[in-house]
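Next comes target-v9.txt, with compact mmCIF, C-alpha atoms and all ligand atoms.
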# COMPACT_ATOMS: atom_id res chain seq x y z
CA MET A 1 121.29 112.39 136.03
CA SER A 2 118.92 115.36 136.06
CA ASP A 3 115.84 115.71 133.89
CA ILE A 4 116.14 115.05 130.19
CA ILE A 5 115.06 117.81 127.82
CA ILE A 6 114.22 116.94 124.21
CA ARG A 7 114.82 119.78 121.79
CA GLU A 8 115.60 120.34 118.13
CA ALA A 9 119.13 119.24 117.18
CA ARG A 10 120.89 122.02 115.27
CA VAL A 11 123.97 122.53 113.16
CA GLU A 12 125.90 123.67 116.27
CA ASP A 13 125.34 120.19 117.74
CA ALA A 14 127.08 118.34 114.90
CA ALA A 15 130.38 117.77 116.75
CA ALA A 16 128.58 116.36 119.82
CA LEU A 17 126.51 114.05 117.61
CA ALA A 18 129.63 112.92 115.74
CA GLN A 19 131.20 111.96 119.08
CA ILE A 20 128.15 109.86 120.01
CA GLU A 21 128.18 108.30 116.52
CA ARG A 22 131.75 107.11 117.14
CA GLU A 23 130.78 105.71 120.56
CA CYS A 24 127.72 103.87 119.26
CA PHE A 25 128.29 102.68 115.68
CA SER A 26 130.92 100.65 113.83
CA ASP A 27 130.02 102.69 110.70
CA PRO A 28 129.58 106.21 112.11
CA TRP A 29 128.17 109.04 110.02
CA SER A 30 130.74 111.66 109.10
CA LEU A 31 130.58 115.22 110.40
CA ASP A 32 129.56 116.30 106.88
CA SER A 33 126.62 113.88 106.77
CA LEU A 34 125.47 115.11 110.16
CA LEU A 35 125.80 118.76 109.10
CA THR A 36 123.78 118.10 105.94
CA SER A 37 120.90 116.52 107.83
CA LEU A 38 120.95 119.08 110.65
CA ALA A 39 120.80 121.95 108.14
CA SER A 40 118.02 120.56 105.94
CA PRO A 41 114.29 121.19 106.37
CA LEU A 42 113.68 117.66 105.04
CA TYR A 43 115.00 116.15 108.27
CA TYR A 44 113.47 115.90 111.72
CA THR A 45 116.30 116.13 114.25
CA ARG A 46 116.09 115.95 118.03
CA ALA A 47 118.64 115.93 120.84
CA ALA A 48 118.06 114.71 124.38
CA GLU A 49 120.02 116.88 126.78
CA ALA A 50 120.77 116.63 130.50
CA ASP A 51 122.73 119.32 132.36
CA GLY A 52 123.58 120.97 129.04
CA ARG A 53 125.16 117.82 127.57
CA ILE A 54 123.67 115.86 124.69
CA GLU A 55 123.05 112.28 125.81
CA ALA A 56 121.11 111.01 122.78
CA TYR A 57 119.73 112.08 119.44
CA LEU A 58 117.43 111.04 116.62
CA ILE A 59 117.50 111.89 112.90
CA ALA A 60 114.65 111.08 110.51
CA SER A 61 113.95 112.15 106.95
CA LEU A 62 110.50 113.42 105.96
CA VAL A 63 109.95 113.26 102.21
CA LEU A 64 106.63 113.39 100.33
CA GLY A 65 104.66 112.56 103.45
CA GLU A 66 106.72 109.48 104.31
CA GLY A 67 109.20 109.17 107.15
CA GLU A 68 112.42 107.21 107.61
CA LEU A 69 114.13 106.86 110.95
CA LEU A 70 117.79 107.09 109.97
CA ARG A 71 119.67 107.39 113.24
CA ILE A 72 118.91 106.99 116.91
CA ALA A 73 121.60 106.64 119.57
CA VAL A 74 121.89 106.95 123.33
CA ARG A 75 125.29 107.24 125.06
CA PRO A 76 126.15 103.83 126.53
CA GLY A 77 125.99 105.08 130.14
CA ASN A 78 122.42 106.29 129.76
CA ARG A 79 120.71 103.37 128.05
CA ALA A 80 117.68 101.51 129.39
CA ARG A 81 116.34 104.68 131.03
CA GLY A 82 113.60 105.41 128.51
CA ILE A 83 115.52 108.04 126.52
CA GLY A 84 115.44 106.19 123.20
CA ARG A 85 111.72 105.55 123.64
CA ALA A 86 111.11 109.21 124.47
CA LEU A 87 112.90 110.32 121.29
CA ALA A 88 111.02 107.83 119.09
CA ASP A 89 107.68 108.74 120.66
CA ALA A 90 108.41 112.43 120.04
CA MET A 91 109.19 111.70 116.38
CA ILE A 92 105.78 110.06 115.85
CA ARG A 93 103.87 112.60 117.95
CA ASP A 94 105.47 115.64 116.30
CA ASN A 95 104.72 114.42 112.75
CA PRO A 96 101.08 113.32 112.77
CA GLY A 97 100.61 113.44 108.99
CA ILE A 98 103.54 111.17 108.18
CA THR A 99 102.79 107.61 107.02
CA PRO A 100 104.28 105.15 106.63
CA TRP A 101 107.39 105.30 108.78
CA ARG A 102 110.18 102.94 107.84
CA LEU A 103 113.65 102.04 109.09
CA ASP A 104 116.42 99.49 108.70
CA VAL A 105 118.05 97.72 111.62
CA ARG A 106 120.84 95.17 111.94
CA GLU A 107 119.44 91.72 112.49
CA SER A 108 121.56 91.33 115.65
CA ASN A 109 120.55 94.67 117.18
CA TYR A 110 118.19 93.23 119.75
CA ALA A 111 117.76 96.38 121.85
CA ALA A 112 116.87 98.53 118.84
CA ARG A 113 114.48 95.93 117.42
CA LYS A 114 112.71 95.68 120.78
CA LEU A 115 112.41 99.45 120.96
CA TYR A 116 110.94 99.65 117.45
CA GLU A 117 108.50 96.81 118.14
CA ALA A 118 107.40 98.52 121.35
CA ILE A 119 106.45 101.60 119.30
CA GLY A 120 104.52 99.53 116.77
CA PHE A 121 107.00 98.92 113.92
CA LYS A 122 106.67 95.54 112.21
CA PRO A 123 109.39 93.68 110.28
CA VAL A 124 108.61 93.57 106.55
CA ILE A 125 111.70 92.56 104.54
CA ARG A 126 115.08 91.00 105.22
CA ARG A 127 117.84 92.76 103.24
CA ARG A 128 120.70 90.35 102.66
CA GLY A 129 124.15 91.79 103.39
CA PHE A 130 122.71 95.28 103.83
CA TYR A 131 125.32 96.29 106.43
CA GLU A 132 129.14 96.35 106.46
CA LYS A 133 131.58 96.38 109.41
CA PRO A 134 130.58 93.65 110.05
CA ARG A 135 128.63 92.42 107.04
CA GLU A 136 125.14 91.51 108.21
CA ASP A 137 121.55 91.29 107.05
CA GLY A 138 119.24 94.20 107.71
CA ILE A 139 115.59 94.03 108.69
CA MET A 140 113.35 96.70 107.20
CA MET A 141 110.53 97.64 109.55
CA MET A 142 107.43 99.74 108.89
CA LEU A 143 104.82 101.56 110.91
CA GLU A 144 101.58 102.60 109.22
CA GLY A 145 100.09 105.73 110.74
C1 LIG B 201 118.65 101.18 120.65
C2 LIG B 201 118.81 102.32 121.65
C3 LIG B 201 118.62 103.65 120.93
C4 LIG B 201 117.70 102.17 122.73
O1 LIG B 201 117.75 103.31 123.57
P1 LIG B 201 117.44 103.22 125.12
O2 LIG B 201 117.33 104.59 125.64
O3 LIG B 201 118.44 102.32 125.78
O4 LIG B 201 116.03 102.47 125.13
P2 LIG B 201 114.85 102.69 126.19
O5 LIG B 201 115.40 102.68 127.58
O6 LIG B 201 114.06 103.89 125.78
O7 LIG B 201 113.99 101.38 125.97
C5 LIG B 201 112.76 101.40 125.25
C6 LIG B 201 112.33 99.99 124.93
O8 LIG B 201 113.27 99.41 124.05
C7 LIG B 201 113.50 98.03 124.40
N1 LIG B 201 114.91 97.87 124.81
C8 LIG B 201 115.84 98.85 124.92
N2 LIG B 201 117.02 98.33 125.26
C9 LIG B 201 116.82 97.00 125.37
C10 LIG B 201 117.67 95.89 125.69
N3 LIG B 201 118.97 96.06 125.97
N4 LIG B 201 117.14 94.66 125.69
C11 LIG B 201 115.83 94.47 125.40
N5 LIG B 201 114.98 95.47 125.09
C12 LIG B 201 115.47 96.70 125.08
C13 LIG B 201 112.50 97.72 125.47
O9 LIG B 201 111.29 97.30 124.84
C14 LIG B 201 112.30 99.06 126.12
O10 LIG B 201 111.09 99.18 126.77
P3 LIG B 201 110.95 98.75 128.32
O11 LIG B 201 112.06 99.46 129.05
O12 LIG B 201 109.59 99.24 128.69
O13 LIG B 201 111.09 97.27 128.34
C15 LIG B 201 120.18 102.24 122.37
O14 LIG B 201 120.38 100.92 122.83
C16 LIG B 201 121.37 102.63 121.50
O15 LIG B 201 121.72 103.81 121.41
N6 LIG B 201 122.02 101.64 120.84
C17 LIG B 201 123.20 101.92 120.02
C18 LIG B 201 122.84 102.64 118.75
C19 LIG B 201 121.87 101.83 117.92
O16 LIG B 201 121.98 100.62 117.79
N7 LIG B 201 120.89 102.53 117.33
C20 LIG B 201 119.89 101.93 116.47
C21 LIG B 201 120.40 101.69 115.10
S1 LIG B 201 119.16 100.94 114.09

Since I need it in another form, could you write the structure as structure tokens?
Ligand SMILES: CC(C)(COP(=O)(O)OP(=O)(O)OC[C@H]1O[C@@H](n2cnc3c(N)ncnc32)[C@H](O)[C@@H]1OP(=O)(O)O)[C@@H](O)C(=O)NCCC(=O)NCCS
Amino acid sequence: MSDIIIREARVEDAAALAQIERECFSDPWSLDSLLTSLASPLYYTRAAEADGRIEAYLIASLVLGEGELLRIAVRPGNRARGIGRALADAMIRDNPGITPWRLDVRESNYAARKLYEAIGFKPVIRRRGFYEKPREDGIMMMLEG
């Protein structure tokens, strides 16, 4: 794989992101949800591209000075190469005034929890039955700036 370029994710990228959603999540976001977030100034959206193909992306909301990491996904063939970390680091670096950051993660999602802990997120609340398909507890994590 050639070098990864991180750039803004735009409305034109919605179909590519929807494809990755289907590859990575049991409860993928719809094309409409992706289009809404990609079109809104209240969202921070980034795509990681190699050879003109999107390999990963991140979507966060930025509202009233607080941030929420809503979606991060790396195509299965490109995991464990630092791409998820690069996207999350860019999110923090590009939004210096935002605090706190928060997110929800499935309890069983070990890779994602490790990534978030590596960046400095700490678990704060267990949310019983927060997820469907399959039903599972969520862990809310926060990062104070
Ligand atoms: C979670 C996800 C985004 C991580 O992306 P990635 O590019 O594979 O992660 P990175 O290579 O950047 O790894 C960064 C850090 O995360 C942790 N990590 C990532 N994958 C891991 C794994 N399988 N096991 C343990 N730790 C892992 C490590 O701390 C790693 O740092 P290190 O390599 O220095 O040890 C990716 O696994 C993914 O897309 N999963 C499916 C979608 C998903 O679950 N998204 C999150 C929803 S909350």

For Gly129 (chain A), list every protein, DNA or RNA residue within 10 Å, evaluated using all atoms listed in the file, and leave out those in the same chain fewer than 6 positions away; present the list as a list in words.
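Contacts, in chain order: Arg106, Arg135, Glu136, Asp137 and Gly138 of chain A.
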
Within 6 Å of ligand LIG 201 (chain B) (counting all atoms listed in the file), which residues show up? I'd like them as a tab-separated table (two decimals) with C-alpha atoms, in the coordinates of the input.
chain	number	residue	atom	x	y	z
A	24	CYS	CA	127.72	103.87	119.26
A	72	ILE	CA	118.91	106.99	116.91
A	73	ALA	CA	121.60	106.64	119.57
A	74	VAL	CA	121.89	106.95	123.33
A	79	ARG	CA	120.71	103.37	128.05
A	80	ALA	CA	117.68	101.51	129.39
A	81	ARG	CA	116.34	104.68	131.03
A	82	GLY	CA	113.60	105.41	128.51
A	83	ILE	CA	115.52	108.04	126.52
A	84	GLY	CA	115.44	106.19	123.20
A	85	ARG	CA	111.72	105.55	123.64
A	105	VAL	CA	118.05	97.72	111.62
A	111	ALA	CA	117.76	96.38	121.85
A	112	ALA	CA	116.87	98.53	118.84
A	114	LYS	CA	112.71	95.68	120.78
A	115	LEU	CA	112.41	99.45	120.96
A	118	ALA	CA	107.40	98.52	121.35

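Distances from A:Ser40, A:Asn109, A:Thr45, A:Ser33 to Ala15 (chain A) were compared using only C-alpha atoms, and the smallest one belongs to A:Ser33.
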
Can you measure CA of Glu8 (chain A) to CA of Lys122 (chain A) for me? One decimal in Å is fine.
27.0 Å

So what do you get for CA of Arg71 (chain A) versus CA of Phe25 (chain A), distance-wise?
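Answer for the CA of Arg71 (chain A) to CA of Phe25 (chain A) separation: 10.1 Å.
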
Distance in Å - CA of Arg10 (chain A) versus CA of Leu38 (chain A):
5.5 Å

Taking (103.2, 101.5, 113.4) in the file's coordinates, which residues come within 8 Å, counting all atoms listed in the file, written as a list in words?
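Neighbouring residues, ordered by chain and number, come to Pro100, Trp101, Ile119, Gly120, Phe121, Lys122, Met142, Leu143, Glu144 and Gly145 of chain A.
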
Restricting the calculation to only C-alpha atoms: of A:Ile59, A:Ala88, A:Pro41, A:Met140, which residue gets closest to Asp104 (chain A)?
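With only C-alpha atoms as the atom set, the closest residue is A:Met140.
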
A:Ser37, A:Ser108, A:Ser61, A:Gln19: which is nearest Ile139 (chain A), counting all atoms listed in the file?
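Comparing A:Ser37, A:Ser108, A:Ser61, A:Gln19 against Ile139 (chain A), the winner is A:Ser108.
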
Excluding same-chain residues fewer than 4 positions from Gly52 (chain A), what lies within 12 Å of it counting only C-alpha atoms, as a count of residues only?
11

Measuring between all atoms listed in the file, which one of A:Val124, A:Met91, A:Leu17, A:Ala50 shows the shortest distance to Gly67 (chain A)?
A:Met91

Just checking: using all atoms listed in the file, which residue out of A:Lys133, A:Asn78, A:Tyr44, A:Ser30 ends up closest to Asp94 (chain A)?
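Using all atoms listed in the file, the shortest distance to Asp94 (chain A) belongs to A:Tyr44.
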
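For the set A:Leu58, A:Ile20, A:Ala14, A:Leu31, the residue with the smallest atom-to-atom gap to Pro76 (chain A) is A:Ile20, counting all atoms listed in the file.
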
Reconstruct N, CA and C atoms of region 13-48 of chain A from the incomplete input and present them as a PDB file, keeping the file's coordinate frame.
ATOM      1  N   ASP A  13     125.222 121.433 116.979  1.00  0.00           N
ATOM      2  CA  ASP A  13     125.340 120.190 117.740  1.00  0.00           C
ATOM      3  C   ASP A  13     126.109 119.100 116.989  1.00  0.00           C
ATOM      4  N   ALA A  14     126.522 119.386 115.757  1.00  0.00           N
ATOM      5  CA  ALA A  14     127.080 118.340 114.900  1.00  0.00           C
ATOM      6  C   ALA A  14     128.285 117.639 115.540  1.00  0.00           C
ATOM      7  N   ALA A  15     129.180 118.394 116.171  1.00  0.00           N
ATOM      8  CA  ALA A  15     130.380 117.770 116.750  1.00  0.00           C
ATOM      9  C   ALA A  15     129.994 116.823 117.891  1.00  0.00           C
ATOM     10  N   ALA A  16     129.024 117.228 118.710  1.00  0.00           N
ATOM     11  CA  ALA A  16     128.580 116.360 119.820  1.00  0.00           C
ATOM     12  C   ALA A  16     127.942 115.090 119.268  1.00  0.00           C
ATOM     13  N   LEU A  17     127.155 115.232 118.208  1.00  0.00           N
ATOM     14  CA  LEU A  17     126.510 114.050 117.610  1.00  0.00           C
ATOM     15  C   LEU A  17     127.561 113.134 116.981  1.00  0.00           C
ATOM     16  N   ALA A  18     128.569 113.729 116.358  1.00  0.00           N
ATOM     17  CA  ALA A  18     129.630 112.920 115.740  1.00  0.00           C
ATOM     18  C   ALA A  18     130.362 112.098 116.800  1.00  0.00           C
ATOM     19  N   GLN A  19     130.552 112.681 117.973  1.00  0.00           N
ATOM     20  CA  GLN A  19     131.200 111.960 119.080  1.00  0.00           C
ATOM     21  C   GLN A  19     130.352 110.756 119.500  1.00  0.00           C
ATOM     22  N   ILE A  20     129.035 110.968 119.624  1.00  0.00           N
ATOM     23  CA  ILE A  20     128.150 109.860 120.010  1.00  0.00           C
ATOM     24  C   ILE A  20     128.121 108.805 118.904  1.00  0.00           C
ATOM     25  N   GLU A  21     128.118 109.258 117.648  1.00  0.00           N
ATOM     26  CA  GLU A  21     128.180 108.300 116.520  1.00  0.00           C
ATOM     27  C   GLU A  21     129.371 107.354 116.701  1.00  0.00           C
ATOM     28  N   ARG A  22     130.539 107.933 117.031  1.00  0.00           N
ATOM     29  CA  ARG A  22     131.750 107.110 117.140  1.00  0.00           C
ATOM     30  C   ARG A  22     131.657 106.151 118.326  1.00  0.00           C
ATOM     31  N   GLU A  23     130.941 106.578 119.384  1.00  0.00           N
ATOM     32  CA  GLU A  23     130.780 105.710 120.560  1.00  0.00           C
ATOM     33  C   GLU A  23     129.806 104.573 120.290  1.00  0.00           C
ATOM     34  N   CYS A  24     128.854 104.799 119.380  1.00  0.00           N
ATOM     35  CA  CYS A  24     127.720 103.870 119.260  1.00  0.00           C
ATOM     36  C   CYS A  24     127.704 103.009 118.011  1.00  0.00           C
ATOM     37  N   PHE A  25     128.417 103.395 116.945  1.00  0.00           N
ATOM     38  CA  PHE A  25     128.290 102.680 115.680  1.00  0.00           C
ATOM     39  C   PHE A  25     129.652 102.268 115.126  1.00  0.00           C
ATOM     40  N   SER A  26     129.689 101.089 114.489  1.00  0.00           N
ATOM     41  CA  SER A  26     130.920 100.650 113.830  1.00  0.00           C
ATOM     42  C   SER A  26     131.083 101.360 112.476  1.00  0.00           C
ATOM     43  N   ASP A  27     129.990 101.958 111.975  1.00  0.00           N
ATOM     44  CA  ASP A  27     130.020 102.690 110.700  1.00  0.00           C
ATOM     45  C   ASP A  27     129.455 104.105 110.914  1.00  0.00           C
ATOM     46  N   PRO A  28     130.150 104.902 111.739  1.00  0.00           N
ATOM     47  CA  PRO A  28     129.580 106.210 112.110  1.00  0.00           C
ATOM     48  C   PRO A  28     129.401 107.141 110.932  1.00  0.00           C
ATOM     49  N   TRP A  29     128.355 107.977 111.000  1.00  0.00           N
ATOM     50  CA  TRP A  29     128.170 109.040 110.020  1.00  0.00           C
ATOM     51  C   TRP A  29     129.305 110.056 110.189  1.00  0.00           C
ATOM     52  N   SER A  30     129.707 110.628 109.066  1.00  0.00           N
ATOM     53  CA  SER A  30     130.740 111.660 109.100  1.00  0.00           C
ATOM     54  C   SER A  30     130.145 112.973 109.616  1.00  0.00           C
ATOM     55  N   LEU A  31     131.026 113.885 109.986  1.00  0.00           N
ATOM     56  CA  LEU A  31     130.580 115.220 110.400  1.00  0.00           C
ATOM     57  C   LEU A  31     129.802 115.879 109.263  1.00  0.00           C
ATOM     58  N   ASP A  32     130.245 115.696 108.032  1.00  0.00           N
ATOM     59  CA  ASP A  32     129.560 116.300 106.880  1.00  0.00           C
ATOM     60  C   ASP A  32     128.135 115.766 106.723  1.00  0.00           C
ATOM     61  N   SER A  33     127.967 114.457 106.879  1.00  0.00           N
ATOM     62  CA  SER A  33     126.620 113.880 106.770  1.00  0.00           C
ATOM     63  C   SER A  33     125.719 114.440 107.858  1.00  0.00           C
ATOM     64  N   LEU A  34     126.263 114.562 109.055  1.00  0.00           N
ATOM     65  CA  LEU A  34     125.470 115.110 110.160  1.00  0.00           C
ATOM     66  C   LEU A  34     125.098 116.563 109.857  1.00  0.00           C
ATOM     67  N   LEU A  35     126.071 117.336 109.395  1.00  0.00           N
ATOM     68  CA  LEU A  35     125.800 118.760 109.100  1.00  0.00           C
ATOM     69  C   LEU A  35     124.715 118.888 108.040  1.00  0.00           C
ATOM     70  N   THR A  36     124.782 118.046 107.008  1.00  0.00           N
ATOM     71  CA  THR A  36     123.780 118.100 105.940  1.00  0.00           C
ATOM     72  C   THR A  36     122.388 117.865 106.492  1.00  0.00           C
ATOM     73  N   SER A  37     122.237 116.828 107.321  1.00  0.00           N
ATOM     74  CA  SER A  37     120.900 116.520 107.830  1.00  0.00           C
ATOM     75  C   SER A  37     120.429 117.572 108.832  1.00  0.00           C
ATOM     76  N   LEU A  38     121.347 118.086 109.645  1.00  0.00           N
ATOM     77  CA  LEU A  38     120.950 119.080 110.650  1.00  0.00           C
ATOM     78  C   LEU A  38     120.550 120.404 109.996  1.00  0.00           C
ATOM     79  N   ALA A  39     121.080 120.673 108.810  1.00  0.00           N
ATOM     80  CA  ALA A  39     120.800 121.950 108.140  1.00  0.00           C
ATOM     81  C   ALA A  39     119.565 121.894 107.241  1.00  0.00           C
ATOM     82  N   SER A  40     119.065 120.689 106.956  1.00  0.00           N
ATOM     83  CA  SER A  40     118.020 120.560 105.940  1.00  0.00           C
ATOM     84  C   SER A  40     116.623 120.543 106.529  1.00  0.00           C
ATOM     85  N   PRO A  41     115.679 121.244 105.893  1.00  0.00           N
ATOM     86  CA  PRO A  41     114.290 121.190 106.370  1.00  0.00           C
ATOM     87  C   PRO A  41     113.623 119.841 106.099  1.00  0.00           C
ATOM     88  N   LEU A  42     114.258 118.970 105.336  1.00  0.00           N
ATOM     89  CA  LEU A  42     113.680 117.660 105.040  1.00  0.00           C
ATOM     90  C   LEU A  42     113.964 116.632 106.138  1.00  0.00           C
ATOM     91  N   TYR A  43     114.664 117.065 107.189  1.00  0.00           N
ATOM     92  CA  TYR A  43     115.000 116.150 108.270  1.00  0.00           C
ATOM     93  C   TYR A  43     114.385 116.630 109.576  1.00  0.00           C
ATOM     94  N   TYR A  44     113.929 115.648 110.355  1.00  0.00           N
ATOM     95  CA  TYR A  44     113.470 115.900 111.720  1.00  0.00           C
ATOM     96  C   TYR A  44     114.621 115.494 112.643  1.00  0.00           C
ATOM     97  N   THR A  45     115.110 116.408 113.437  1.00  0.00           N
ATOM     98  CA  THR A  45     116.300 116.130 114.250  1.00  0.00           C
ATOM     99  C   THR A  45     116.027 116.534 115.698  1.00  0.00           C
ATOM    100  N   ARG A  46     116.301 115.658 116.616  1.00  0.00           N
ATOM    101  CA  ARG A  46     116.090 115.950 118.030  1.00  0.00           C
ATOM    102  C   ARG A  46     117.295 115.503 118.852  1.00  0.00           C
ATOM    103  N   ALA A  47     117.594 116.296 119.884  1.00  0.00           N
ATOM    104  CA  ALA A  47     118.640 115.930 120.840  1.00  0.00           C
ATOM    105  C   ALA A  47     118.000 115.808 122.205  1.00  0.00           C
ATOM    106  N   ALA A  48     118.484 114.844 122.989  1.00  0.00           N
ATOM    107  CA  ALA A  48     118.060 114.710 124.380  1.00  0.00           C
ATOM    108  C   ALA A  48     119.224 115.184 125.240  1.00  0.00           C
TER     109      ALA A  48
END
